[in-house]
file start-v8.txt (compact mmCIF, C-alpha atoms)
# COMPACT_ATOMS: atom_id res chain seq x y z
CA MET A 1199 -2.76 -35.52 -20.84
CA ALA A 1200 0.93 -36.33 -20.23
CA TRP A 1201 2.22 -36.14 -16.68
CA SER A 1202 4.64 -33.40 -15.73
CA ARG A 1203 8.02 -34.22 -14.20
CA TYR A 1204 6.65 -33.21 -10.82
CA GLN A 1205 3.73 -35.63 -11.14
CA LEU A 1206 6.04 -38.43 -12.29
CA GLY A 1207 8.25 -37.71 -9.31
CA LEU A 1208 5.31 -37.90 -6.90
CA ALA A 1209 4.14 -41.20 -8.39
CA ALA A 1210 7.64 -42.66 -8.21
CA LEU A 1211 8.07 -41.41 -4.63
CA MET A 1212 4.80 -43.01 -3.54
CA LEU A 1213 5.61 -46.35 -5.17
CA LEU A 1214 9.20 -46.37 -3.87
CA THR A 1215 8.52 -45.33 -0.27
CA GLY A 1216 5.44 -47.54 0.00
CA SER A 1217 7.48 -50.55 -1.04
CA ILE A 1218 10.42 -49.61 1.19
CA ASN A 1219 8.09 -49.40 4.20
CA THR A 1220 7.19 -53.11 4.13
CA LEU A 1221 10.57 -54.30 2.84
CA ALA A 1222 12.50 -52.37 5.51
CA ALA A 1223 10.36 -53.87 8.27
CA LYS A 1224 10.91 -57.39 6.90
CA TRP A 1225 14.63 -56.68 6.42
CA ALA A 1226 14.96 -55.79 10.10
CA ASP A 1227 13.09 -58.99 11.05
CA ASN A 1228 15.63 -61.06 9.09
CA PHE A 1229 18.62 -59.84 11.12
CA SER A 1230 20.16 -61.49 14.17
CA ALA A 1231 22.35 -59.71 16.72
CA GLY A 1232 23.46 -59.95 20.32
CA GLY A 1233 21.36 -58.27 22.98
CA CYS A 1234 22.04 -56.47 26.23
CA GLY A 1235 24.46 -57.87 28.78
CA GLY A 1236 26.25 -60.03 26.24
CA THR A 1237 23.26 -62.27 25.52
CA GLU A 1238 23.74 -64.65 22.62
CA GLU A 1239 22.80 -63.67 19.09
CA HIS A 1240 19.07 -63.88 18.37
CA GLY A 1241 16.59 -62.62 15.81
CA PHE A 1242 15.37 -59.03 15.82
CA GLN A 1243 11.74 -59.64 16.76
CA HIS A 1244 10.39 -56.41 18.19
CA PRO A 1245 7.05 -55.75 16.45
CA PHE A 1246 5.70 -53.28 19.02
CA LEU A 1247 8.84 -51.16 18.92
CA GLN A 1248 8.62 -51.18 15.11
CA ALA A 1249 5.01 -50.00 15.39
CA VAL A 1250 6.16 -47.14 17.64
CA GLY A 1251 8.63 -46.19 14.92
CA MET A 1252 5.91 -46.21 12.28
CA PHE A 1253 3.76 -43.86 14.39
CA LEU A 1254 6.78 -41.61 14.84
CA GLY A 1255 6.94 -41.41 11.05
CA GLU A 1256 3.25 -40.52 10.89
CA PHE A 1257 3.70 -37.97 13.70
CA SER A 1258 6.33 -36.22 11.58
CA CYS A 1259 3.59 -35.41 9.05
CA LEU A 1260 2.43 -32.72 11.50
CA ALA A 1261 5.76 -30.95 11.02
CA VAL A 1262 5.29 -31.14 7.24
CA PHE A 1263 1.76 -29.74 7.59
CA TYR A 1264 2.85 -26.73 9.66
CA LEU A 1265 5.78 -26.14 7.29
CA LEU A 1266 3.35 -26.01 4.37
CA VAL A 1267 1.07 -23.63 6.32
CA TRP A 1268 4.03 -21.37 7.14
CA ARG A 1269 5.16 -21.31 3.51
CA ASP A 1270 1.61 -20.67 2.27
CA ARG A 1271 1.12 -17.73 4.60
CA ARG A 1272 4.24 -16.08 3.20
CA GLN A 1273 2.65 -16.02 -0.27
CA PRO A 1274 0.87 -12.86 -1.47
CA GLU A 1275 -2.31 -14.89 -1.94
CA PRO A 1276 -2.48 -17.91 0.43
CA SER A 1277 -4.07 -20.93 -1.25
CA MET A 1278 -4.53 -23.27 1.71
CA ASP A 1279 -8.00 -23.21 3.25
CA PRO A 1280 -8.06 -21.93 6.83
CA SER A 1281 -8.18 -24.69 9.41
CA GLN A 1282 -11.62 -25.66 10.63
CA PRO A 1283 -11.95 -25.91 14.43
CA PHE A 1284 -12.04 -29.51 15.63
CA ASN A 1285 -11.43 -31.49 18.79
CA PRO A 1286 -8.14 -33.43 18.42
CA LEU A 1287 -9.60 -36.16 20.65
CA LEU A 1288 -11.79 -37.12 17.69
CA PHE A 1289 -8.68 -38.85 16.37
CA LEU A 1290 -8.17 -40.91 19.51
CA PRO A 1291 -10.57 -43.82 18.67
CA PRO A 1292 -9.20 -44.23 15.09
CA ALA A 1293 -5.65 -43.95 16.47
CA LEU A 1294 -6.34 -46.75 18.96
CA CYS A 1295 -7.60 -48.91 16.10
CA ASP A 1296 -4.56 -47.98 14.01
CA MET A 1297 -2.27 -48.81 16.93
CA THR A 1298 -3.92 -52.20 17.47
CA GLY A 1299 -4.04 -53.15 13.79
CA THR A 1300 -0.47 -52.04 13.09
CA SER A 1301 0.93 -53.90 16.10
CA ILE A 1302 -0.85 -57.11 15.11
CA MET A 1303 0.44 -56.82 11.54
CA TYR A 1304 4.03 -56.30 12.65
CA VAL A 1305 3.73 -59.40 14.84
CA ALA A 1306 2.40 -61.30 11.80
CA LEU A 1307 5.23 -60.03 9.56
CA ASN A 1308 7.63 -62.00 11.75
CA MET A 1309 5.75 -65.17 10.78
CA THR A 1310 5.11 -64.89 7.06
CA SER A 1311 6.58 -63.46 3.85
CA ALA A 1312 6.55 -59.79 2.90
CA SER A 1313 4.56 -60.40 -0.31
CA SER A 1314 1.87 -62.46 1.47
CA PHE A 1315 1.73 -59.78 4.15
CA GLN A 1316 1.06 -57.12 1.54
CA MET A 1317 -1.45 -59.18 -0.45
CA LEU A 1318 -3.46 -60.28 2.58
CA ARG A 1319 -3.85 -56.65 3.62
CA GLY A 1320 -6.18 -56.37 0.63
CA SER A 1321 -8.81 -58.21 2.68
CA VAL A 1322 -9.61 -54.88 4.34
CA ILE A 1323 -12.17 -54.11 1.62
CA ILE A 1324 -14.26 -57.12 2.68
CA PHE A 1325 -14.68 -55.86 6.23
CA THR A 1326 -14.89 -52.19 5.22
CA GLY A 1327 -17.73 -52.98 2.82
CA LEU A 1328 -19.67 -55.02 5.37
CA LEU A 1329 -19.18 -52.51 8.18
CA SER A 1330 -20.14 -49.57 5.96
CA VAL A 1331 -23.42 -51.34 5.18
CA ALA A 1332 -24.06 -52.14 8.86
CA PHE A 1333 -23.02 -48.85 10.48
CA LEU A 1334 -23.03 -46.17 7.78
CA GLY A 1335 -26.20 -47.31 6.01
CA ARG A 1336 -24.38 -47.52 2.69
CA ARG A 1337 -25.69 -49.61 -0.18
CA LEU A 1338 -22.96 -51.37 -2.11
CA GLU A 1339 -23.13 -51.59 -5.87
CA LEU A 1340 -22.97 -54.89 -7.73
CA SER A 1341 -19.36 -54.18 -8.76
CA GLN A 1342 -18.41 -53.70 -5.11
CA TRP A 1343 -19.95 -57.04 -4.11
CA LEU A 1344 -18.10 -58.64 -7.02
CA GLY A 1345 -14.90 -56.96 -5.82
CA ILE A 1346 -15.41 -58.45 -2.35
CA LEU A 1347 -16.03 -61.91 -3.88
CA VAL A 1348 -12.91 -61.71 -6.07
CA THR A 1349 -10.89 -60.61 -3.03
CA ILE A 1350 -12.10 -63.59 -1.00
CA VAL A 1351 -11.05 -65.96 -3.81
CA GLY A 1352 -7.68 -64.21 -4.01
CA LEU A 1353 -7.15 -64.56 -0.25
CA VAL A 1354 -7.86 -68.29 -0.43
CA VAL A 1355 -5.28 -68.64 -3.21
CA VAL A 1356 -2.68 -66.65 -1.24
CA GLY A 1357 -3.32 -68.90 1.75
CA LEU A 1358 -2.83 -72.02 -0.37
CA ALA A 1359 0.39 -70.58 -1.81
CA ASP A 1360 1.68 -70.05 1.73
CA LEU A 1361 0.77 -73.61 2.68
CA HIS A 1362 2.69 -75.04 -0.26
CA GLY A 1363 5.42 -72.41 -0.60
CA SER A 1364 9.04 -72.88 0.31
CA ASP A 1365 9.03 -69.97 2.74
CA HIS A 1366 8.41 -72.65 5.38
CA GLN A 1367 12.16 -73.20 5.36
CA LYS A 1368 12.38 -69.98 7.39
CA HIS A 1369 9.03 -70.22 9.16
CA LYS A 1370 7.22 -73.21 10.56
CA LEU A 1371 3.91 -74.07 8.89
CA SER A 1372 2.06 -73.24 12.11
CA GLU A 1373 3.75 -69.83 12.21
CA VAL A 1374 2.78 -69.08 8.61
CA ILE A 1375 -0.87 -69.99 9.23
CA THR A 1376 -0.94 -67.95 12.44
CA GLY A 1377 0.71 -64.99 10.72
CA ASP A 1378 -1.74 -65.04 7.81
CA LEU A 1379 -4.72 -65.24 10.16
CA LEU A 1380 -3.37 -62.37 12.26
CA ILE A 1381 -3.03 -60.17 9.16
CA VAL A 1382 -6.64 -60.85 8.17
CA MET A 1383 -7.81 -60.24 11.76
CA ALA A 1384 -5.92 -56.94 11.79
CA GLN A 1385 -7.87 -55.83 8.73
CA VAL A 1386 -11.09 -56.03 10.79
CA VAL A 1387 -9.56 -53.46 13.14
CA VAL A 1388 -8.40 -51.33 10.18
CA ALA A 1389 -11.93 -51.47 8.72
CA ILE A 1390 -13.35 -50.24 12.04
CA GLN A 1391 -10.79 -47.42 11.89
CA MET A 1392 -12.04 -46.45 8.41
CA VAL A 1393 -15.68 -46.43 9.51
CA LEU A 1394 -14.85 -44.29 12.56
CA GLU A 1395 -12.89 -41.84 10.41
CA GLU A 1396 -15.70 -41.52 7.90
CA LYS A 1397 -18.42 -41.15 10.52
CA PHE A 1398 -16.73 -38.73 12.91
CA VAL A 1399 -13.61 -37.21 11.31
CA TYR A 1400 -14.09 -36.52 7.59
CA LYS A 1401 -17.00 -34.12 8.15
CA HIS A 1402 -14.61 -31.70 9.86
CA ASP A 1403 -12.59 -31.28 6.66
CA VAL A 1404 -9.22 -31.65 8.39
CA HIS A 1405 -6.15 -31.44 6.14
CA PRO A 1406 -4.98 -35.04 5.44
CA LEU A 1407 -1.41 -34.39 6.63
CA ARG A 1408 -2.74 -32.91 9.85
CA ALA A 1409 -5.05 -35.90 10.29
CA VAL A 1410 -2.21 -38.39 9.72
CA GLY A 1411 0.07 -36.48 12.09
CA THR A 1412 -2.55 -36.24 14.84
CA GLU A 1413 -3.29 -39.97 14.68
CA GLY A 1414 0.45 -40.60 14.65
CA PHE A 1415 0.88 -38.47 17.78
CA PHE A 1416 -1.73 -40.44 19.73
CA GLY A 1417 -0.43 -43.78 18.45
CA PHE A 1418 3.19 -42.91 19.25
CA LEU A 1419 2.43 -41.58 22.74
CA ILE A 1420 0.16 -44.44 23.85
CA LEU A 1421 2.19 -47.30 22.38
CA ALA A 1422 5.48 -45.84 23.68
CA LEU A 1423 3.98 -45.77 27.19
CA LEU A 1424 2.70 -49.33 26.77
CA LEU A 1425 6.25 -50.52 26.08
CA VAL A 1426 6.89 -50.18 29.85
CA PRO A 1427 4.33 -52.79 31.02
CA MET A 1428 5.11 -54.93 27.97
CA TYR A 1429 8.68 -55.20 29.29
CA TYR A 1430 7.34 -57.17 32.27
CA ILE A 1431 4.44 -59.16 30.75
CA PRO A 1432 5.50 -62.78 30.10
CA ALA A 1433 4.70 -64.08 26.61
CA GLY A 1434 6.40 -67.49 26.58
CA SER A 1435 7.18 -68.97 23.19
CA PHE A 1436 5.17 -66.18 21.51
CA SER A 1437 8.02 -63.80 22.32
CA GLY A 1438 11.21 -63.55 20.30
CA ASN A 1439 13.41 -61.85 22.92
CA PRO A 1440 15.63 -63.65 25.48
CA ARG A 1441 13.51 -62.54 28.45
CA ARG A 1442 10.38 -64.04 26.84
CA THR A 1443 8.32 -60.93 27.54
CA LEU A 1444 5.78 -59.29 25.27
CA GLU A 1445 8.31 -56.65 24.22
CA ASP A 1446 11.85 -55.84 25.33
CA ALA A 1447 12.66 -52.38 24.03
CA LEU A 1448 16.04 -52.35 25.80
CA ASP A 1449 17.05 -55.53 23.99
CA ALA A 1450 16.00 -53.90 20.71
CA PHE A 1451 18.18 -50.84 21.33
CA CYS A 1452 21.13 -53.07 22.19
CA GLN A 1453 20.62 -55.00 18.95
CA MET A 1454 20.65 -51.69 17.07
CA ASP A 1455 24.40 -51.64 17.61
CA GLN A 1456 24.25 -53.65 14.39
CA PRO A 1457 24.19 -50.70 11.93
CA LEU A 1458 22.05 -52.47 9.33
CA ILE A 1459 19.24 -53.02 11.86
CA ALA A 1460 19.29 -49.31 12.70
CA LEU A 1461 19.29 -48.51 8.96
CA ALA A 1462 16.27 -50.76 8.36
CA LEU A 1463 14.32 -49.12 11.19
CA LEU A 1464 15.25 -45.65 9.92
CA GLY A 1465 14.03 -46.66 6.47
CA ASN A 1466 10.74 -47.85 7.94
CA ILE A 1467 10.19 -44.64 9.92
CA SER A 1468 11.12 -42.22 7.14
CA SER A 1469 9.35 -44.12 4.36
CA ILE A 1470 5.93 -44.00 6.05
CA ALA A 1471 6.17 -40.20 6.34
CA PHE A 1472 7.17 -39.74 2.69
CA PHE A 1473 4.60 -42.34 1.59
CA ASN A 1474 1.73 -40.47 3.25
CA PHE A 1475 2.89 -37.13 1.86
CA ALA A 1476 3.33 -38.57 -1.66
CA GLY A 1477 -0.02 -40.39 -1.53
CA ILE A 1478 -1.93 -37.26 -0.54
CA SER A 1479 -0.08 -35.25 -3.21
CA VAL A 1480 -0.81 -37.85 -5.91
CA THR A 1481 -4.54 -37.66 -5.12
CA LYS A 1482 -4.40 -33.85 -5.35
CA GLU A 1483 -2.12 -33.48 -8.37
CA ILE A 1484 -3.16 -36.50 -10.47
CA SER A 1485 -6.12 -38.56 -9.24
CA ALA A 1486 -7.37 -40.93 -6.58
CA THR A 1487 -7.43 -43.63 -9.24
CA THR A 1488 -3.70 -43.26 -9.81
CA ARG A 1489 -3.09 -43.47 -6.08
CA MET A 1490 -5.02 -46.75 -5.89
CA VAL A 1491 -3.18 -48.22 -8.89
CA LEU A 1492 0.22 -47.24 -7.43
CA ASP A 1493 -0.74 -48.78 -4.09
CA SER A 1494 -1.59 -52.02 -5.92
CA LEU A 1495 1.70 -51.93 -7.85
CA ARG A 1496 3.44 -51.72 -4.48
CA THR A 1497 2.48 -55.35 -3.87
CA LEU A 1498 4.11 -56.38 -7.17
CA VAL A 1499 7.29 -54.48 -6.32
CA ILE A 1500 7.50 -56.08 -2.84
CA TRP A 1501 6.97 -59.54 -4.35
CA ALA A 1502 9.60 -58.98 -7.07
CA VAL A 1503 12.19 -57.61 -4.62
CA SER A 1504 11.56 -60.47 -2.18
CA LEU A 1505 12.18 -62.95 -5.00
CA ALA A 1506 15.33 -61.13 -6.11
CA LEU A 1507 16.75 -61.05 -2.58
CA GLY A 1508 16.02 -64.73 -2.02
CA TRP A 1509 13.60 -64.07 0.85
CA GLU A 1510 11.10 -66.36 -0.89
CA THR A 1511 10.91 -68.43 -4.05
CA PHE A 1512 8.50 -68.28 -6.94
CA HIS A 1513 5.18 -70.09 -6.55
CA GLY A 1514 2.64 -70.13 -9.38
CA LEU A 1515 -0.34 -69.76 -7.02
CA GLU A 1516 0.91 -66.31 -6.03
CA ILE A 1517 0.17 -65.09 -9.56
CA LEU A 1518 -3.45 -66.11 -9.07
CA GLY A 1519 -3.31 -64.53 -5.63
CA PHE A 1520 -3.02 -61.14 -7.26
CA GLY A 1521 -6.78 -61.49 -7.71
CA VAL A 1522 -6.80 -59.59 -4.42
CA LEU A 1523 -5.66 -56.55 -6.40
CA ARG A 1524 -8.35 -57.03 -9.04
CA GLY A 1525 -10.95 -57.25 -6.27
CA ALA A 1526 -9.76 -53.97 -4.79
CA ALA A 1527 -9.90 -52.34 -8.23
CA LEU A 1528 -13.48 -53.50 -8.74
CA TYR A 1529 -14.53 -52.38 -5.27
CA ASN A 1530 -13.02 -48.90 -5.72
CA GLY A 1531 -14.58 -48.41 -9.15
CA LEU A 1532 -11.50 -48.49 -11.36
CA HIS A 1533 -13.56 -50.11 -14.13
CA ARG A 1534 -15.85 -47.05 -14.25
CA VAL A 1535 -12.88 -44.72 -14.55
CA LEU A 1536 -11.37 -46.80 -17.38
CA LEU A 1537 -14.68 -46.85 -19.22
CA ALA A 1538 -15.03 -43.12 -18.73
CA ARG A 1539 -11.65 -42.60 -20.39
CA VAL A 1540 -12.78 -44.38 -23.55
CA PRO A 1541 -13.10 -41.56 -26.10
CA ARG A 1542 -16.69 -40.73 -26.94
CA HIS A 1543 -17.86 -38.36 -29.62
CA GLY A 1544 -18.23 -34.95 -28.02
CA ASP A 1545 -17.36 -36.21 -24.53
CA GLU A 1546 -14.41 -34.66 -22.72
CA SER A 1547 -15.32 -35.76 -19.22
CA GLY A 1548 -12.90 -38.70 -19.04
CA ALA A 1549 -10.09 -36.85 -17.32
CA GLY A 1550 -12.52 -35.37 -14.80
CA ALA A 1551 -13.93 -38.81 -14.09
CA GLU A 1552 -10.45 -40.12 -13.42
CA ARG A 1553 -9.71 -37.30 -11.01
CA GLU A 1554 -13.01 -37.43 -9.12
CA GLY A 1555 -14.31 -40.93 -9.74
CA LEU A 1556 -13.00 -42.51 -6.57
CA LEU A 1557 -13.03 -39.54 -4.24
CA HIS A 1558 -16.58 -40.25 -3.10
CA GLY A 1559 -16.13 -43.98 -2.77
CA ASP A 1560 -12.52 -44.37 -1.76
CA SER A 1561 -12.28 -46.55 1.34
CA THR A 1562 -8.70 -45.83 2.33
CA ALA A 1563 -7.73 -45.13 5.92
CA ILE A 1564 -6.45 -41.64 6.66
CA ASN A 1565 -2.96 -42.91 7.23
CA GLY A 1566 -3.07 -44.87 3.99
CA GLU A 1567 -0.55 -47.60 5.35
CA THR A 1568 -1.59 -50.00 8.23
call {"tool": "encode", "arguments": {"input": "start-v8.txt", "output": "structure tokens"}}
result
Amino acid sequence: MAWSRYQLGLAALMLLTGSINTLAAKWADNFSAGGCGGTEEHGFQHPFLQAVGMFLGEFSCLAVFYLLVWRDRRQPEPSMDPSQPFNPLLFLPPALCDMTGTSIMYVALNMTSASSFQMLRGSVIIFTGLLSVAFLGRRLELSQWLGILVTIVGLVVVGLADLHGSDHQKHKLSEVITGDLLIVMAQVVVAIQMVLEEKFVYKHDVHPLRAVGTEGFFGFLILALLLVPMYYIPAGSFSGNPRRTLEDALDAFCQMDQPLIALALLGNISSIAFFNFAGISVTKEISATTRMVLDSLRTLVIWAVSLALGWETFHGLEILGFGVLRGAALYNGLHRVLLARVPRHGDESGAGAEREGLLHGDSTAINGET
């Protein structure tokens, strides 16, 4: 069945905002500007402040949720299910994982390319699969084990591409290796977040936008408070600010006098909110399969834009590195959905399979982004 204009718009919005989220963060990292007190020009390296901004974007999803509830209640026949009672503190453990994983990934983004950053995030299915077996008692199918294997091969290829790529002109080889390892390590934390959400949160049937917003609230509040001690904790050469502390939020705000830095941060904050809204809407209006495919296409868009802007140069191994995407497709059961859509005599269940096929096996974190 052909998509309506509304569905096409949702798909385009998800692909566009998802790509902008990573590209805007990397764009900000590429800028240099003077800091507070007339300090000399230096790179904008403030990963923890960027993470606070991302959680602010997620927090804004709560406003969207209550706006939708208000609009629904004004209808003659409300269609939204009444909220189930739940303890908001249930979201605290996943939010802490989200906060940790996101912060580590923003640190890593300062050290490696945007396309490698996005591709290496695909390693989350390896750790999600293993943890779901260990802690949720799940039995993985053969296709899921194959998906994990293909992903591992893809990650090795991406790592080799980074070792031989020309992005080292901007980043030292040691920085690239450290950044790649940090991204993979962060996916362990993200996988723990997914397991916690599935074990303790999903059974309460909380609206996805409310779930994203609640996690965003906890992440924003805690990480914003942590910026205070980070201002005083020495970090040596690991730090990118003049004071050599773990994070210097004041220096970041002074650097935002450069309008393009402020624009990049605004793009990062707003895009994560629209991305979560569009992703949830795509699952509802089209299918979970489509959402997964669009999320994979996001990596291609980020890679293509990075090449076009000269942030990195073409390397043939990166093409093979897209095996990460094929691994994710296998793990999430895309092959079953495609087979189900093959016309069979007297079988009209293909569209239903596409809509529901991944909903019971989709291993995507509530916030859909870190």
call {"tool": "residues_around", "arguments": {"input": "start-v8.txt", "residues": "His1513 of chain A", "least_positions_apart": "6", "cutoff": "12 Å", "atoms": "all atoms listed in the file", "output": "PyMOL selection string"}}
result
chain A and resi 1313-1314+1355-1365+1501-1502+1505+1519
call {"tool": "closest_residue", "arguments": {"input": "start-v8.txt", "among": "A:Gly1327, A:Gly1241, A:Gly1525, A:Gly1414", "to": "Lys1224 of chain A", "atoms": "all atoms listed in the file"}}
result
A:Gly1241
call {"tool": "atom_distance", "arguments": {"input": "start-v8.txt", "atom1": "atom CA of Thr1488 of chain A", "atom2": "atom CA of Gly1207 of chain A"}}
result
13.2 Å
call {"tool": "atom_distance", "arguments": {"input": "start-v8.txt", "atom1": "atom CA of Ile1381 of chain A", "atom2": "atom CA of Thr1310 of chain A"}}
result
9.6 Å
call {"tool": "atom_distance", "arguments": {"input": "start-v8.txt", "atom1": "atom CA of Leu1208 of chain A", "atom2": "atom CA of Gly1477 of chain A"}}
result
8.0 Å
call {"tool": "residues_around", "arguments": {"input": "start-v8.txt", "residues": "segment 1211-1217 of chain A", "least_positions_apart": "2", "cutoff": "10 Å", "atoms": "only C-alpha atoms", "output": "CSV table (one decimal) with C-alpha atoms, in the coordinates of the input"}}
result
chain,number,residue,atom,x,y,z
A,1205,GLN,CA,3.7,-35.6,-11.1
A,1206,LEU,CA,6.0,-38.4,-12.3
A,1207,GLY,CA,8.2,-37.7,-9.3
A,1208,LEU,CA,5.3,-37.9,-6.9
A,1209,ALA,CA,4.1,-41.2,-8.4
A,1219,ASN,CA,8.1,-49.4,4.2
A,1220,THR,CA,7.2,-53.1,4.1
A,1221,LEU,CA,10.6,-54.3,2.8
A,1222,ALA,CA,12.5,-52.4,5.5
A,1316,GLN,CA,1.1,-57.1,1.5
A,1465,GLY,CA,14.0,-46.7,6.5
A,1466,ASN,CA,10.7,-47.8,7.9
A,1468,SER,CA,11.1,-42.2,7.1
A,1469,SER,CA,9.4,-44.1,4.4
A,1470,ILE,CA,5.9,-44.0,6.0
A,1471,ALA,CA,6.2,-40.2,6.3
A,1472,PHE,CA,7.2,-39.7,2.7
A,1473,PHE,CA,4.6,-42.3,1.6
A,1474,ASN,CA,1.7,-40.5,3.2
A,1475,PHE,CA,2.9,-37.1,1.9
A,1476,ALA,CA,3.3,-38.6,-1.7
A,1477,GLY,CA,0.0,-40.4,-1.5
A,1478,ILE,CA,-1.9,-37.3,-0.5
A,1479,SER,CA,-0.1,-35.2,-3.2
A,1480,VAL,CA,-0.8,-37.8,-5.9
A,1489,ARG,CA,-3.1,-43.5,-6.1
A,1491,VAL,CA,-3.2,-48.2,-8.9
A,1492,LEU,CA,0.2,-47.2,-7.4
A,1493,ASP,CA,-0.7,-48.8,-4.1
A,1494,SER,CA,-1.6,-52.0,-5.9
A,1495,LEU,CA,1.7,-51.9,-7.8
A,1496,ARG,CA,3.4,-51.7,-4.5
A,1497,THR,CA,2.5,-55.4,-3.9
A,1498,LEU,CA,4.1,-56.4,-7.2
A,1499,VAL,CA,7.3,-54.5,-6.3
A,1500,ILE,CA,7.5,-56.1,-2.8
A,1501,TRP,CA,7.0,-59.5,-4.4
A,1503,VAL,CA,12.2,-57.6,-4.6
A,1566,GLY,CA,-3.1,-44.9,4.0
A,1567,GLU,CA,-0.6,-47.6,5.4
call {"tool": "residues_near_point", "arguments": {"input": "start-v8.txt", "point": "(-14.9, -51.5, 6.6)", "cutoff": "8 Å", "atoms": "all atoms listed in the file", "output": "compact mmCIF listing (two decimals) with C-alpha atoms, in the frame of the given file"}}
result
# COMPACT_ATOMS: atom_id res chain seq x y z
CA VAL A 1322 -9.61 -54.88 4.34
CA ILE A 1323 -12.17 -54.11 1.62
CA ILE A 1324 -14.26 -57.12 2.68
CA PHE A 1325 -14.68 -55.86 6.23
CA THR A 1326 -14.89 -52.19 5.22
CA GLY A 1327 -17.73 -52.98 2.82
CA LEU A 1328 -19.67 -55.02 5.37
CA LEU A 1329 -19.18 -52.51 8.18
CA SER A 1330 -20.14 -49.57 5.96
CA VAL A 1386 -11.09 -56.03 10.79
CA VAL A 1388 -8.40 -51.33 10.18
CA ALA A 1389 -11.93 -51.47 8.72
CA ILE A 1390 -13.35 -50.24 12.04
CA GLN A 1391 -10.79 -47.42 11.89
CA MET A 1392 -12.04 -46.45 8.41
CA VAL A 1393 -15.68 -46.43 9.51
CA SER A 1561 -12.28 -46.55 1.34
call {"tool": "residues_around", "arguments": {"input": "start-v8.txt", "residues": "Leu1338 of chain A", "least_positions_apart": "2", "cutoff": "12 Å", "atoms": "all atoms listed in the file", "output": "count of residues only"}}
result
24
call {"tool": "closest_residue", "arguments": {"input": "start-v8.txt", "among": "A:Ala1526, A:Met1303, A:Leu1347, A:Leu1444", "to": "Met1428 of chain A", "atoms": "only C-alpha atoms"}}
result
A:Leu1444
call {"tool": "residues_around", "arguments": {"input": "start-v8.txt", "residues": "Leu1463 of chain A", "least_positions_apart": "5", "cutoff": "12 Å", "atoms": "all atoms listed in the file", "output": "ChimeraX atom specification"}}
result
/A:1218-1227,1229,1242,1244-1245,1247-1252,1254-1255,1450-1451,1453-1454,1456-1458,1468-1470
